[in-house]
$ cat coords19.txt   # compact mmCIF, C-alpha atoms
# COMPACT_ATOMS: atom_id res chain seq x y z
CA MET F 1 57.73 7.12 -48.94
CA PRO F 2 56.82 9.63 -46.20
CA VAL F 3 53.41 9.93 -47.90
CA LEU F 4 52.76 6.17 -47.60
CA LYS F 5 53.89 6.29 -43.95
CA TRP F 6 51.36 9.04 -43.15
CA ILE F 7 48.60 7.09 -44.91
CA ARG F 8 49.48 4.02 -42.82
CA TYR F 9 49.37 6.07 -39.58
CA GLY F 10 46.07 7.59 -40.61
CA ALA F 11 44.57 4.19 -41.33
CA TRP F 12 45.69 2.83 -37.96
CA ALA F 13 44.27 5.93 -36.24
CA GLY F 14 40.98 5.22 -38.02
CA VAL F 15 40.97 1.62 -36.82
CA VAL F 16 41.59 2.71 -33.23
CA LEU F 17 38.84 5.34 -33.40
CA PHE F 18 36.40 2.87 -34.93
CA ALA F 19 37.19 0.27 -32.26
CA PHE F 20 36.75 2.88 -29.53
CA VAL F 21 33.39 4.10 -30.81
CA GLY F 22 32.23 0.50 -31.27
CA ALA F 23 33.30 -0.39 -27.73
CA ALA F 24 31.53 2.70 -26.34
CA ILE F 25 28.29 1.81 -28.12
CA LEU F 26 28.51 -1.78 -26.91
CA LEU F 27 29.19 -0.62 -23.34
CA GLY F 28 26.31 1.82 -23.50
CA TRP F 29 23.91 -0.86 -24.70
CA TRP F 30 25.18 -3.26 -22.03
CA GLN F 31 24.49 -0.82 -19.23
CA VAL F 32 21.23 0.69 -20.44
CA ASP F 33 19.41 -2.15 -22.18
CA GLY F 34 21.66 -5.19 -21.97
CA PRO F 35 22.37 -7.67 -19.19
CA GLY F 36 24.44 -5.12 -17.28
CA ARG F 37 21.62 -2.70 -16.57
CA SER F 38 21.01 -1.77 -12.95
CA PRO F 39 17.87 -2.87 -11.08
CA ALA F 40 16.83 0.79 -10.95
CA GLY F 41 17.14 0.99 -14.73
CA ARG F 42 15.09 -2.18 -15.14
CA ALA F 43 12.43 -0.76 -12.84
CA ALA F 44 12.30 2.40 -14.92
CA VAL F 45 11.85 0.34 -18.09
CA GLN F 46 9.01 -1.60 -16.46
CA GLY F 47 7.34 1.58 -15.22
CA VAL F 48 7.90 0.94 -11.52
CA PRO F 49 9.43 3.98 -9.87
CA ALA F 50 12.90 3.51 -8.42
CA ILE F 51 11.83 4.08 -4.82
CA GLY F 52 13.67 2.62 -1.89
CA GLY F 53 17.16 1.21 -1.87
CA PRO F 54 20.11 0.99 0.42
CA PHE F 55 20.18 2.74 3.75
CA THR F 56 22.33 2.52 6.86
CA LEU F 57 20.61 3.64 10.04
CA VAL F 58 20.53 2.94 13.78
CA ASP F 59 17.53 1.10 15.22
CA HIS F 60 15.81 1.94 18.51
CA THR F 61 17.94 -0.59 20.35
CA GLY F 62 21.08 1.24 19.22
CA ARG F 63 22.13 -1.35 16.62
CA THR F 64 23.40 -0.20 13.22
CA VAL F 65 21.26 -1.75 10.50
CA THR F 66 20.97 -1.64 6.73
CA ASP F 67 18.08 -2.31 4.38
CA ALA F 68 19.60 -5.75 3.74
CA ASP F 69 18.83 -6.76 7.33
CA TYR F 70 15.12 -6.74 6.45
CA ARG F 71 15.44 -8.52 3.10
CA GLY F 72 13.07 -11.45 2.86
CA LYS F 73 10.29 -9.56 4.65
CA PRO F 74 7.85 -7.18 3.03
CA MET F 75 8.25 -3.78 4.62
CA ALA F 76 5.92 -0.91 5.49
CA VAL F 77 8.19 2.13 5.70
CA PHE F 78 7.19 5.58 6.77
CA PHE F 79 8.82 8.78 7.86
CA GLY F 80 7.86 10.62 11.03
CA PHE F 81 9.17 12.00 14.29
CA THR F 82 8.26 11.72 17.93
CA HIS F 83 7.45 15.44 18.35
CA CYS F 84 4.56 14.84 15.99
CA PRO F 85 1.12 15.09 17.56
CA GLU F 86 -0.93 13.73 14.70
CA VAL F 87 0.27 11.81 11.68
CA CYS F 88 2.81 9.62 13.39
CA PRO F 89 0.67 8.16 16.18
CA THR F 90 -2.27 7.94 13.78
CA THR F 91 -0.24 6.02 11.22
CA LEU F 92 1.20 3.68 13.84
CA VAL F 93 -2.29 2.95 15.20
CA GLN F 94 -3.63 2.42 11.69
CA MET F 95 -0.85 0.00 10.81
CA ALA F 96 -1.60 -1.92 14.01
CA ASN F 97 -5.27 -2.05 13.02
CA LEU F 98 -4.42 -3.33 9.54
CA THR F 99 -2.01 -6.00 10.73
CA GLY F 100 -4.50 -6.95 13.44
CA LYS F 101 -7.21 -7.50 10.83
CA ILE F 102 -4.94 -9.56 8.60
CA GLY F 103 -3.84 -11.68 11.55
CA ALA F 104 -0.88 -14.07 11.64
CA ALA F 105 -0.11 -13.59 7.94
CA ALA F 106 0.91 -10.01 8.77
CA ASP F 107 3.65 -11.21 11.13
CA ARG F 108 5.99 -11.19 8.13
CA LEU F 109 5.45 -7.49 7.61
CA GLN F 110 8.29 -5.37 8.95
CA ILE F 111 7.01 -1.94 9.95
CA LEU F 112 9.77 0.68 9.96
CA LEU F 113 9.41 4.21 11.28
CA ILE F 114 12.32 6.31 10.02
CA THR F 115 12.63 9.55 11.94
CA VAL F 116 13.06 12.78 10.01
CA ASP F 117 14.27 14.44 13.21
CA PRO F 118 17.43 12.58 14.25
CA GLU F 119 18.60 15.53 16.36
CA ARG F 120 15.83 14.90 18.90
CA ASP F 121 14.98 11.28 18.12
CA THR F 122 17.78 9.31 19.67
CA PRO F 123 17.44 5.50 19.81
CA GLU F 124 16.36 5.84 23.47
CA GLN F 125 13.71 8.41 22.60
CA LEU F 126 12.35 6.17 19.82
CA ALA F 127 12.34 3.13 22.10
CA LEU F 128 10.25 4.93 24.71
CA TYR F 129 7.91 6.33 22.09
CA LEU F 130 7.31 2.95 20.47
CA GLN F 131 6.22 1.39 23.77
CA SER F 132 2.71 2.64 23.00
CA PHE F 133 2.48 0.77 19.72
CA ASP F 134 2.77 -2.62 18.04
CA PRO F 135 5.98 -4.15 19.45
CA ARG F 136 7.00 -5.27 15.96
CA VAL F 137 7.52 -1.70 14.84
CA ILE F 138 11.19 -0.79 14.52
CA GLY F 139 12.22 2.83 14.88
CA LEU F 140 15.22 4.00 12.87
CA THR F 141 17.41 7.04 13.34
CA GLY F 142 21.03 7.92 12.57
CA SER F 143 23.18 10.86 11.66
CA ARG F 144 21.57 13.70 9.70
CA GLU F 145 23.45 12.41 6.62
CA GLN F 146 22.21 8.84 7.08
CA VAL F 147 18.62 10.01 7.47
CA ASP F 148 18.92 12.35 4.48
CA ALA F 149 20.24 9.45 2.39
CA ALA F 150 17.25 7.30 3.39
CA LEU F 151 14.88 10.17 2.57
CA ALA F 152 16.53 10.57 -0.83
CA ALA F 153 16.33 6.82 -1.54
CA TYR F 154 12.60 6.86 -0.84
CA LYS F 155 12.12 10.20 -2.62
CA ALA F 156 10.51 11.38 0.58
CA TYR F 157 10.28 14.94 1.81
CA ALA F 158 11.17 16.47 5.14
CA LYS F 159 11.85 20.03 6.13
CA LYS F 160 12.56 21.70 9.43
CA ILE F 161 10.16 24.55 10.20
CA PRO F 162 11.04 26.97 13.01
CA THR F 163 8.29 27.77 15.52
CA GLU F 164 8.07 30.17 18.44
CA SER F 165 9.24 27.50 20.84
CA GLY F 166 11.60 25.43 18.69
CA TYR F 167 10.82 23.70 15.44
CA THR F 168 8.54 21.20 13.82
CA MET F 169 8.97 19.04 10.73
CA ASP F 170 7.00 18.94 7.51
CA HIS F 171 7.24 15.44 6.12
CA SER F 172 5.83 12.87 3.71
CA ALA F 173 2.84 11.25 5.34
CA SER F 174 2.41 8.13 3.19
CA VAL F 175 3.41 4.56 3.97
CA TYR F 176 5.70 2.84 1.45
CA LEU F 177 4.95 -0.83 0.92
CA MET F 178 8.06 -2.68 -0.20
CA GLN F 179 8.29 -6.27 -1.40
CA ALA F 180 10.39 -8.94 0.27
CA ASP F 181 13.21 -8.35 -2.25
CA GLY F 182 13.36 -4.70 -1.22
CA SER F 183 11.66 -3.34 -4.33
CA PHE F 184 8.88 -0.79 -4.21
CA ARG F 185 5.31 -2.00 -4.64
CA THR F 186 2.85 0.72 -3.70
CA MET F 187 1.94 3.37 -1.15
CA ILE F 188 -0.81 3.89 1.38
CA ASP F 189 -1.90 7.50 1.55
CA TYR F 190 -2.68 9.21 4.82
CA HIS F 191 -6.50 9.13 5.10
CA GLU F 192 -6.75 6.23 2.67
CA GLU F 193 -9.89 4.11 3.05
CA GLU F 194 -9.24 1.11 5.26
CA ALA F 195 -10.50 -1.44 2.70
CA SER F 196 -8.04 -0.29 0.08
CA ALA F 197 -5.17 -0.03 2.55
CA LEU F 198 -5.92 -3.58 3.73
CA GLU F 199 -5.85 -4.89 0.17
CA LYS F 200 -2.50 -3.22 -0.45
CA VAL F 201 -0.94 -4.77 2.65
CA ARG F 202 -2.34 -8.17 1.67
CA MET F 203 -0.89 -7.70 -1.83
CA VAL F 204 2.61 -7.08 -0.54
CA LEU F 205 2.35 -10.09 1.78
CA ARG F 206 1.44 -12.48 -1.04
CA MET B 207 -44.43 13.70 50.18
CA LYS B 208 -43.16 10.14 49.89
CA ARG B 209 -43.68 10.31 46.17
CA PHE B 210 -41.69 13.53 46.05
CA ALA B 211 -38.85 11.91 47.98
CA ILE B 212 -38.75 8.99 45.55
CA GLY B 213 -38.80 11.41 42.65
CA ALA B 214 -35.95 13.45 44.14
CA ALA B 215 -33.94 10.29 44.79
CA GLY B 216 -34.51 9.26 41.17
CA VAL B 217 -33.33 12.62 39.91
CA ALA B 218 -30.27 12.50 42.18
CA LEU B 219 -29.50 8.97 41.04
CA SER B 220 -29.73 9.83 37.38
CA LEU B 221 -27.56 12.90 37.94
CA ALA B 222 -24.99 10.76 39.71
CA ALA B 223 -25.06 8.26 36.87
CA TYR B 224 -24.64 11.08 34.39
CA ALA B 225 -21.71 12.51 36.31
CA ALA B 226 -20.09 9.09 36.54
CA THR B 227 -20.22 8.38 32.80
CA PRO B 228 -16.53 8.25 32.01
CA VAL B 229 -16.57 9.84 28.57
CA ARG B 230 -19.39 12.16 27.82
CA ALA B 231 -19.72 15.25 25.75
CA HIS B 232 -19.06 18.24 27.92
CA ASP B 233 -19.23 21.87 27.09
CA TYR B 234 -18.41 25.28 28.42
CA ALA B 235 -19.58 28.80 27.74
CA VAL B 236 -17.91 32.17 27.97
CA GLY B 237 -19.86 35.18 26.83
CA PRO B 238 -21.53 34.24 23.57
CA LEU B 239 -19.01 31.45 22.91
CA LYS B 240 -19.85 27.79 23.40
CA ILE B 241 -16.97 25.39 23.67
CA ASP B 242 -17.91 21.84 22.90
CA HIS B 243 -16.10 18.75 24.11
CA PRO B 244 -12.47 19.68 24.50
CA TRP B 245 -10.34 16.56 24.24
CA ALA B 246 -6.78 15.47 23.70
CA ARG B 247 -5.00 12.39 22.50
CA ALA B 248 -3.06 10.21 24.87
CA THR B 249 0.64 10.44 24.16
CA PRO B 250 3.33 7.76 24.07
CA PRO B 251 5.96 7.87 26.81
CA SER B 252 8.74 10.27 25.80
CA ALA B 253 6.43 12.31 23.58
CA LYS B 254 7.02 15.99 24.26
CA VAL B 255 3.92 17.28 22.50
CA GLY B 256 0.23 16.47 22.39
CA GLY B 257 -2.75 17.64 20.39
CA GLY B 258 -5.88 19.21 21.88
CA TYR B 259 -9.19 19.51 20.06
CA LEU B 260 -12.57 21.19 20.54
CA ALA B 261 -15.30 23.08 18.75
CA ILE B 262 -16.02 26.76 19.36
CA GLU B 263 -19.41 28.16 18.44
CA ASN B 264 -19.98 31.89 18.39
CA THR B 265 -23.63 32.69 19.12
CA GLY B 266 -23.00 36.41 19.41
CA PRO B 267 -23.14 39.19 16.82
CA GLU B 268 -19.41 39.99 16.92
CA PRO B 269 -16.43 37.96 15.78
CA ASP B 270 -14.05 36.76 18.47
CA ARG B 271 -10.59 35.34 18.32
CA LEU B 272 -8.91 32.52 20.20
CA VAL B 273 -5.51 34.00 20.93
CA GLY B 274 -3.91 31.38 23.15
CA GLY B 275 -4.15 29.28 26.23
CA SER B 276 -2.31 27.44 28.92
CA THR B 277 -2.49 24.13 30.73
CA GLU B 278 -1.15 22.52 33.82
CA ALA B 279 -0.04 19.59 31.66
CA ALA B 280 2.47 21.37 29.47
CA ALA B 281 4.89 24.28 29.49
CA ARG B 282 3.02 26.07 26.74
CA VAL B 283 0.04 25.93 24.44
CA GLU B 284 0.22 27.09 20.85
CA ILE B 285 -2.43 27.10 18.16
CA HIS B 286 -1.34 25.08 15.14
CA GLU B 287 -2.89 24.00 11.90
CA SER B 288 -1.97 20.83 10.02
CA SER B 289 -2.64 20.45 6.35
CA LEU B 290 -2.06 17.56 3.99
CA ALA B 291 -1.12 18.32 0.40
CA ASP B 292 0.72 16.19 -2.14
CA GLY B 293 1.24 13.49 0.46
CA ILE B 294 3.10 15.89 2.74
CA MET B 295 1.83 16.86 6.17
CA ARG B 296 2.67 20.40 7.11
CA MET B 297 2.08 22.07 10.44
CA ARG B 298 2.07 25.82 11.01
CA GLU B 299 1.65 27.92 14.08
CA LYS B 300 -1.29 30.33 13.90
CA THR B 301 0.51 33.24 15.46
CA ASP B 302 -2.49 35.55 15.02
CA GLY B 303 -4.86 33.09 16.64
CA VAL B 304 -8.08 31.81 15.12
CA VAL B 305 -11.12 33.98 14.40
CA VAL B 306 -14.55 32.60 15.24
CA PRO B 307 -17.02 34.57 13.09
CA PRO B 308 -20.48 35.33 14.48
CA GLY B 309 -22.97 32.54 14.00
CA GLN B 310 -20.27 30.05 13.06
CA THR B 311 -18.51 27.08 14.61
CA VAL B 312 -14.79 26.53 14.26
CA GLU B 313 -13.67 22.97 14.78
CA PHE B 314 -10.27 21.93 16.06
CA LYS B 315 -9.74 18.32 15.00
CA PRO B 316 -6.99 15.91 13.93
CA SER B 317 -5.34 16.89 10.62
CA GLY B 318 -6.59 20.44 11.00
CA LEU B 319 -6.55 23.11 13.66
CA HIS B 320 -5.34 21.93 17.05
CA LEU B 321 -4.02 23.13 20.35
CA MET B 322 -0.39 22.12 20.50
CA LEU B 323 0.58 21.18 24.05
CA ILE B 324 4.33 21.68 24.10
CA ASP B 325 6.80 20.22 26.57
CA LEU B 326 4.38 17.93 28.33
CA ARG B 327 5.16 17.52 32.01
CA ALA B 328 4.03 13.89 31.81
CA PRO B 329 2.48 11.70 29.12
CA LEU B 330 -1.26 12.25 28.69
CA LYS B 331 -3.06 9.06 29.72
CA GLN B 332 -6.35 7.87 28.37
CA GLY B 333 -9.09 8.81 30.84
CA ASP B 334 -7.17 11.75 32.28
CA LYS B 335 -8.82 15.14 32.52
CA VAL B 336 -6.42 17.93 31.77
CA LYS B 337 -7.18 21.39 33.10
CA ALA B 338 -6.60 24.14 30.58
CA THR B 339 -7.46 27.78 30.05
CA LEU B 340 -8.42 29.24 26.71
CA VAL B 341 -8.04 32.95 26.09
CA PHE B 342 -10.28 34.87 23.71
CA GLU B 343 -9.74 38.42 22.57
CA ARG B 344 -13.24 39.63 23.51
CA ALA B 345 -14.79 36.98 25.71
CA GLY B 346 -11.69 36.62 27.89
CA ALA B 347 -10.43 33.49 29.60
CA VAL B 348 -12.35 30.29 30.19
CA ALA B 349 -11.30 27.23 32.16
CA VAL B 350 -11.95 23.89 30.46
CA GLU B 351 -11.00 20.26 30.90
CA LEU B 352 -9.57 18.24 28.05
CA GLN B 353 -10.71 14.63 28.19
CA VAL B 354 -7.88 12.38 27.13
CA GLN B 355 -8.79 9.75 24.52
CA GLY B 356 -6.67 6.91 23.17
CA VAL B 357 -3.38 7.32 21.36
CA GLY B 358 -4.19 8.10 17.77
CA ALA B 359 -7.92 8.42 18.47
CA PRO B 360 -9.51 9.81 15.33
CA GLN B 361 -12.28 11.84 16.97
CA PRO B 362 -13.78 12.66 20.34
CA ALA B 363 -15.19 9.94 22.55
CA ALA B 364 -17.23 7.75 20.24
CA THR B 365 -15.26 4.79 18.90
CA GLY B 366 -12.98 4.79 21.92
CA HIS B 367 -11.24 1.49 21.29
CA VAL B 368 -8.71 2.79 18.83
CA GLY B 369 -5.42 2.68 20.67
CA HIS B 370 -4.68 0.51 23.63
$ encode --input "coords19.txt" --output "structure tokens"
Amino acid sequence: MPVLKWIRYGAWAGVVLFAFVGAAILLGWWQVDGPGRSPAGRAAVQGVPAIGGPFTLVDHTGRTVTDADYRGKPMAVFFGFTHCPEVCPTTLVQMANLTGKIGAAADRLQILLITVDPERDTPEQLALYLQSFDPRVIGLTGSREQVDAALAAYKAYAKKIPTESGYTMDHSASVYLMQADGSFRTMIDYHEEEASALEKVRMVLR
Amino acid sequence: MKRFAIGAAGVALSLAAYAATPVRAHDYAVGPLKIDHPWARATPPSAKVGGGYLAIENTGPEPDRLVGGSTEAAARVEIHESSLADGIMRMREKTDGVVVPPGQTVEFKPSGLHLMLIDLRAPLKQGDKVKATLVFERAGAVAVELQVQGVGAPQPAATGHVGH
């Protein structure tokens, strides 16, 4: 009798184990390949890098914003800082040239400059800086953590480099073109030929 | 005599016209060094730094070295070099200055070597002329004027209408 009892327990244990393994496999499939997979996972399957994503930052008017505030508009996102003598003004001028050439259709494009130097780039500092450029450009800053999270989402690079008189920042110099649904489309390299940059901006506006 | 006077007036007039041309190539010399068209980019309000550019030609037989400079427009001038690699722009101070080998020209231009004007006293405005002094190891100091081009101007003078 005790023998039969142990066999019965063993069988039930087997059923439980089998059910657990089956459930785990089903759950795994659901999340990786099935309907439950994340947008990032889908992007990876389709060969589009998972670049971009949620951020919470403070715009140059002092308002807290998230990526969702710009949903519905294609975005041109780049990283810079106002103590930057070269790339940042050059990129801002180039974006203004591109949108100027495209004309009214480019009004939908939201240009975002995310500072990599939030310690010095307060909303007020960004607001003053942006006076020299296309008024549609929005400058974004935030806490160091918020900026680092945005950098990580965009797989962008920034590093503080000490100098004799303070510090400067190394940073990614490309422009990220994002579609209206917030997904990544392509990038414009610094020094990219204007014709190809124009075509890319047109592509993301279509 | 009359003819001479007309000729002199013509020369004076053309000189005046030349002097009045708002953006023209200008150059300086110190010892065997020729400094061609120093210029800077206009800066947005609130910008604390600006970039200065020029070309230095060494016509002498000895190397020289740009070791530093100063300007009335900023608290300090450093020599920096930008470089773009893997989509990342890096900027480094050239603490040992920049050597100009004999018979060669070293160009300071956007995305490369530049004078870094640090802690600007006021924004640089297009059309301004900024007094600056460059200091060379052998040739000594030379006073120059940086002509201020548009914000984000890609190169000296020339295309001019980039920016606002």
$ closest_residue --input "coords19.txt" --among "F:Phe55, F:Phe18, F:Phe133, F:Tyr154" --to "chain B" --atoms "only C-alpha atoms"
F:Phe133
$ closest_atom_pairs --input "coords19.txt" --of "chain B" --to "chain F" --cutoff "6 Å" --atoms "all atoms listed in the file" --output "CSV"
residue,atom,partner,partner_atom,distance
B:Pro250,CA,F:Tyr129,CA,5.2
B:Pro251,CA,F:Tyr129,CA,5.3
B:Ser252,CA,F:Tyr129,CA,5.5
B:Ala253,CA,F:Thr82,CA,6.0
B:Lys254,CA,F:His83,CA,6.0
B:Val255,CA,F:His83,CA,5.8
B:Gly256,CA,F:Pro85,CA,5.1
B:Gly257,CA,F:Pro85,CA,5.4
B:Gly293,CA,F:Ala173,CA,5.6
B:Ile294,CA,F:Ser172,CA,4.2
B:Met295,CA,F:His171,CA,5.6
B:Arg296,CA,F:Asp170,CA,4.6
B:Gly358,CA,F:Thr90,CA,4.4
$ atom_distance --input "coords19.txt" --atom1 "atom CA of Pro238 of chain B" --atom2 "atom CA of Glu278 of chain B"
25.6 Å
$ atom_distance --input "coords19.txt" --atom1 "atom CA of Ser317 of chain B" --atom2 "atom CA of Asp334 of chain B"
22.3 Å
$ atom_distance --input "coords19.txt" --atom1 "atom CA of Val350 of chain B" --atom2 "atom CA of Pro267 of chain B"
23.4 Å
$ closest_residue --input "coords19.txt" --among "F:Ala104, F:Val3, F:Leu112, F:Met95" --to "Ala150 of chain F" --atoms "only C-alpha atoms"
F:Leu112
$ closest_residue --input "coords19.txt" --among "B:Pro244, B:Gly309, B:Gly237, B:Gly275" --to "Leu352 of chain B" --atoms "only C-alpha atoms"
B:Pro244
$ closest_residue --input "coords19.txt" --among "F:Gln146, F:Ile138, F:Leu198, F:Gly103" --to "Glu119 of chain F" --atoms "only C-alpha atoms"
F:Gln146
$ residues_around --input "coords19.txt" --residues "Phe79 of chain F" --least-positions-apart "6" --cutoff "6 Å" --atoms "all atoms listed in the file" --output "list in words"
Leu113, Ile114 and Thr115 of chain F
$ closest_residue --input "coords19.txt" --among "F:Thr56, F:Thr186, F:Thr99, F:Gln110" --to "Arg71 of chain F" --atoms "all atoms listed in the file"
F:Gln110
$ closest_residue --input "coords19.txt" --among "B:Leu321, B:Ser276, B:Asp302, B:Glu263" --to "Asp233 of chain B" --atoms "only C-alpha atoms"
B:Glu263
$ axis_aligned_box --input "coords19.txt" --around "segment 295-303 of chain B" --padding-each-side "8 Å" --output "AutoDock Vina command-line options"
--center_x -1.1 --center_y 26.2 --center_z 11.4 --size_x 23.5 --size_y 34.7 --size_z 26.5
$ build_atoms --input "coords19.txt" --residues "segment 303-331 of chain B" --atoms "N, CA and C atoms" --output "PDB file, keeping the file's coordinate frame"
ATOM      1  N   GLY B 303      -3.683  33.720  16.055  1.00  0.00           N
ATOM      2  CA  GLY B 303      -4.860  33.090  16.640  1.00  0.00           C
ATOM      3  C   GLY B 303      -5.857  32.674  15.575  1.00  0.00           C
ATOM      4  N   VAL B 304      -7.057  32.316  16.040  1.00  0.00           N
ATOM      5  CA  VAL B 304      -8.080  31.810  15.120  1.00  0.00           C
ATOM      6  C   VAL B 304      -9.371  32.592  15.362  1.00  0.00           C
ATOM      7  N   VAL B 305      -9.890  33.179  14.303  1.00  0.00           N
ATOM      8  CA  VAL B 305     -11.120  33.980  14.400  1.00  0.00           C
ATOM      9  C   VAL B 305     -12.328  33.042  14.371  1.00  0.00           C
ATOM     10  N   VAL B 306     -13.278  33.315  15.276  1.00  0.00           N
ATOM     11  CA  VAL B 306     -14.550  32.600  15.240  1.00  0.00           C
ATOM     12  C   VAL B 306     -15.621  33.616  14.823  1.00  0.00           C
ATOM     13  N   PRO B 307     -16.060  33.581  13.576  1.00  0.00           N
ATOM     14  CA  PRO B 307     -17.020  34.570  13.090  1.00  0.00           C
ATOM     15  C   PRO B 307     -18.376  34.385  13.757  1.00  0.00           C
ATOM     16  N   PRO B 308     -19.164  35.449  13.851  1.00  0.00           N
ATOM     17  CA  PRO B 308     -20.480  35.330  14.480  1.00  0.00           C
ATOM     18  C   PRO B 308     -21.344  34.301  13.766  1.00  0.00           C
ATOM     19  N   GLY B 309     -22.055  33.522  14.576  1.00  0.00           N
ATOM     20  CA  GLY B 309     -22.970  32.540  14.000  1.00  0.00           C
ATOM     21  C   GLY B 309     -22.279  31.310  13.447  1.00  0.00           C
ATOM     22  N   GLN B 310     -20.971  31.203  13.625  1.00  0.00           N
ATOM     23  CA  GLN B 310     -20.270  30.050  13.060  1.00  0.00           C
ATOM     24  C   GLN B 310     -19.572  29.217  14.125  1.00  0.00           C
ATOM     25  N   THR B 311     -19.232  27.993  13.720  1.00  0.00           N
ATOM     26  CA  THR B 311     -18.510  27.080  14.610  1.00  0.00           C
ATOM     27  C   THR B 311     -17.166  26.759  13.973  1.00  0.00           C
ATOM     28  N   VAL B 312     -16.118  26.903  14.744  1.00  0.00           N
ATOM     29  CA  VAL B 312     -14.790  26.530  14.260  1.00  0.00           C
ATOM     30  C   VAL B 312     -14.382  25.250  14.973  1.00  0.00           C
ATOM     31  N   GLU B 313     -14.036  24.255  14.190  1.00  0.00           N
ATOM     32  CA  GLU B 313     -13.670  22.970  14.780  1.00  0.00           C
ATOM     33  C   GLU B 313     -12.164  22.767  14.794  1.00  0.00           C
ATOM     34  N   PHE B 314     -11.665  22.366  15.928  1.00  0.00           N
ATOM     35  CA  PHE B 314     -10.270  21.930  16.060  1.00  0.00           C
ATOM     36  C   PHE B 314     -10.321  20.415  16.066  1.00  0.00           C
ATOM     37  N   LYS B 315      -9.680  19.786  15.077  1.00  0.00           N
ATOM     38  CA  LYS B 315      -9.740  18.320  15.000  1.00  0.00           C
ATOM     39  C   LYS B 315      -8.473  17.779  14.345  1.00  0.00           C
ATOM     40  N   PRO B 316      -8.209  16.486  14.505  1.00  0.00           N
ATOM     41  CA  PRO B 316      -6.990  15.910  13.930  1.00  0.00           C
ATOM     42  C   PRO B 316      -6.875  16.230  12.435  1.00  0.00           C
ATOM     43  N   SER B 317      -5.659  16.512  12.000  1.00  0.00           N
ATOM     44  CA  SER B 317      -5.340  16.890  10.620  1.00  0.00           C
ATOM     45  C   SER B 317      -5.806  18.292  10.275  1.00  0.00           C
ATOM     46  N   GLY B 318      -6.185  19.062  11.264  1.00  0.00           N
ATOM     47  CA  GLY B 318      -6.590  20.440  11.000  1.00  0.00           C
ATOM     48  C   GLY B 318      -6.078  21.333  12.116  1.00  0.00           C
ATOM     49  N   LEU B 319      -6.926  22.258  12.542  1.00  0.00           N
ATOM     50  CA  LEU B 319      -6.550  23.110  13.660  1.00  0.00           C
ATOM     51  C   LEU B 319      -6.415  22.270  14.930  1.00  0.00           C
ATOM     52  N   HIS B 320      -5.431  22.585  15.750  1.00  0.00           N
ATOM     53  CA  HIS B 320      -5.340  21.930  17.050  1.00  0.00           C
ATOM     54  C   HIS B 320      -4.574  22.800  18.033  1.00  0.00           C
ATOM     55  N   LEU B 321      -4.839  22.536  19.306  1.00  0.00           N
ATOM     56  CA  LEU B 321      -4.020  23.130  20.350  1.00  0.00           C
ATOM     57  C   LEU B 321      -2.783  22.262  20.453  1.00  0.00           C
ATOM     58  N   MET B 322      -1.623  22.890  20.407  1.00  0.00           N
ATOM     59  CA  MET B 322      -0.390  22.120  20.500  1.00  0.00           C
ATOM     60  C   MET B 322       0.116  22.280  21.930  1.00  0.00           C
ATOM     61  N   LEU B 323       0.077  21.175  22.674  1.00  0.00           N
ATOM     62  CA  LEU B 323       0.580  21.180  24.050  1.00  0.00           C
ATOM     63  C   LEU B 323       2.070  20.855  23.971  1.00  0.00           C
ATOM     64  N   ILE B 324       2.887  21.811  24.327  1.00  0.00           N
ATOM     65  CA  ILE B 324       4.330  21.680  24.100  1.00  0.00           C
ATOM     66  C   ILE B 324       5.072  21.507  25.409  1.00  0.00           C
ATOM     67  N   ASP B 325       6.032  20.587  25.380  1.00  0.00           N
ATOM     68  CA  ASP B 325       6.800  20.220  26.570  1.00  0.00           C
ATOM     69  C   ASP B 325       5.879  19.707  27.673  1.00  0.00           C
ATOM     70  N   LEU B 326       5.276  18.582  27.372  1.00  0.00           N
ATOM     71  CA  LEU B 326       4.380  17.930  28.330  1.00  0.00           C
ATOM     72  C   LEU B 326       5.152  17.616  29.611  1.00  0.00           C
ATOM     73  N   ARG B 327       4.492  17.829  30.737  1.00  0.00           N
ATOM     74  CA  ARG B 327       5.160  17.520  32.010  1.00  0.00           C
ATOM     75  C   ARG B 327       5.145  16.014  32.259  1.00  0.00           C
ATOM     76  N   ALA B 328       4.123  15.355  31.709  1.00  0.00           N
ATOM     77  CA  ALA B 328       4.030  13.890  31.810  1.00  0.00           C
ATOM     78  C   ALA B 328       3.190  13.437  30.625  1.00  0.00           C
ATOM     79  N   PRO B 329       3.322  12.173  30.230  1.00  0.00           N
ATOM     80  CA  PRO B 329       2.480  11.700  29.120  1.00  0.00           C
ATOM     81  C   PRO B 329       0.996  11.874  29.475  1.00  0.00           C
ATOM     82  N   LEU B 330       0.184  12.182  28.488  1.00  0.00           N
ATOM     83  CA  LEU B 330      -1.260  12.250  28.690  1.00  0.00           C
ATOM     84  C   LEU B 330      -1.791  10.820  28.629  1.00  0.00           C
ATOM     85  N   LYS B 331      -2.558  10.432  29.658  1.00  0.00           N
ATOM     86  CA  LYS B 331      -3.060   9.060  29.720  1.00  0.00           C
ATOM     87  C   LYS B 331      -4.549   9.039  29.431  1.00  0.00           C
TER      88      LYS B 331
END
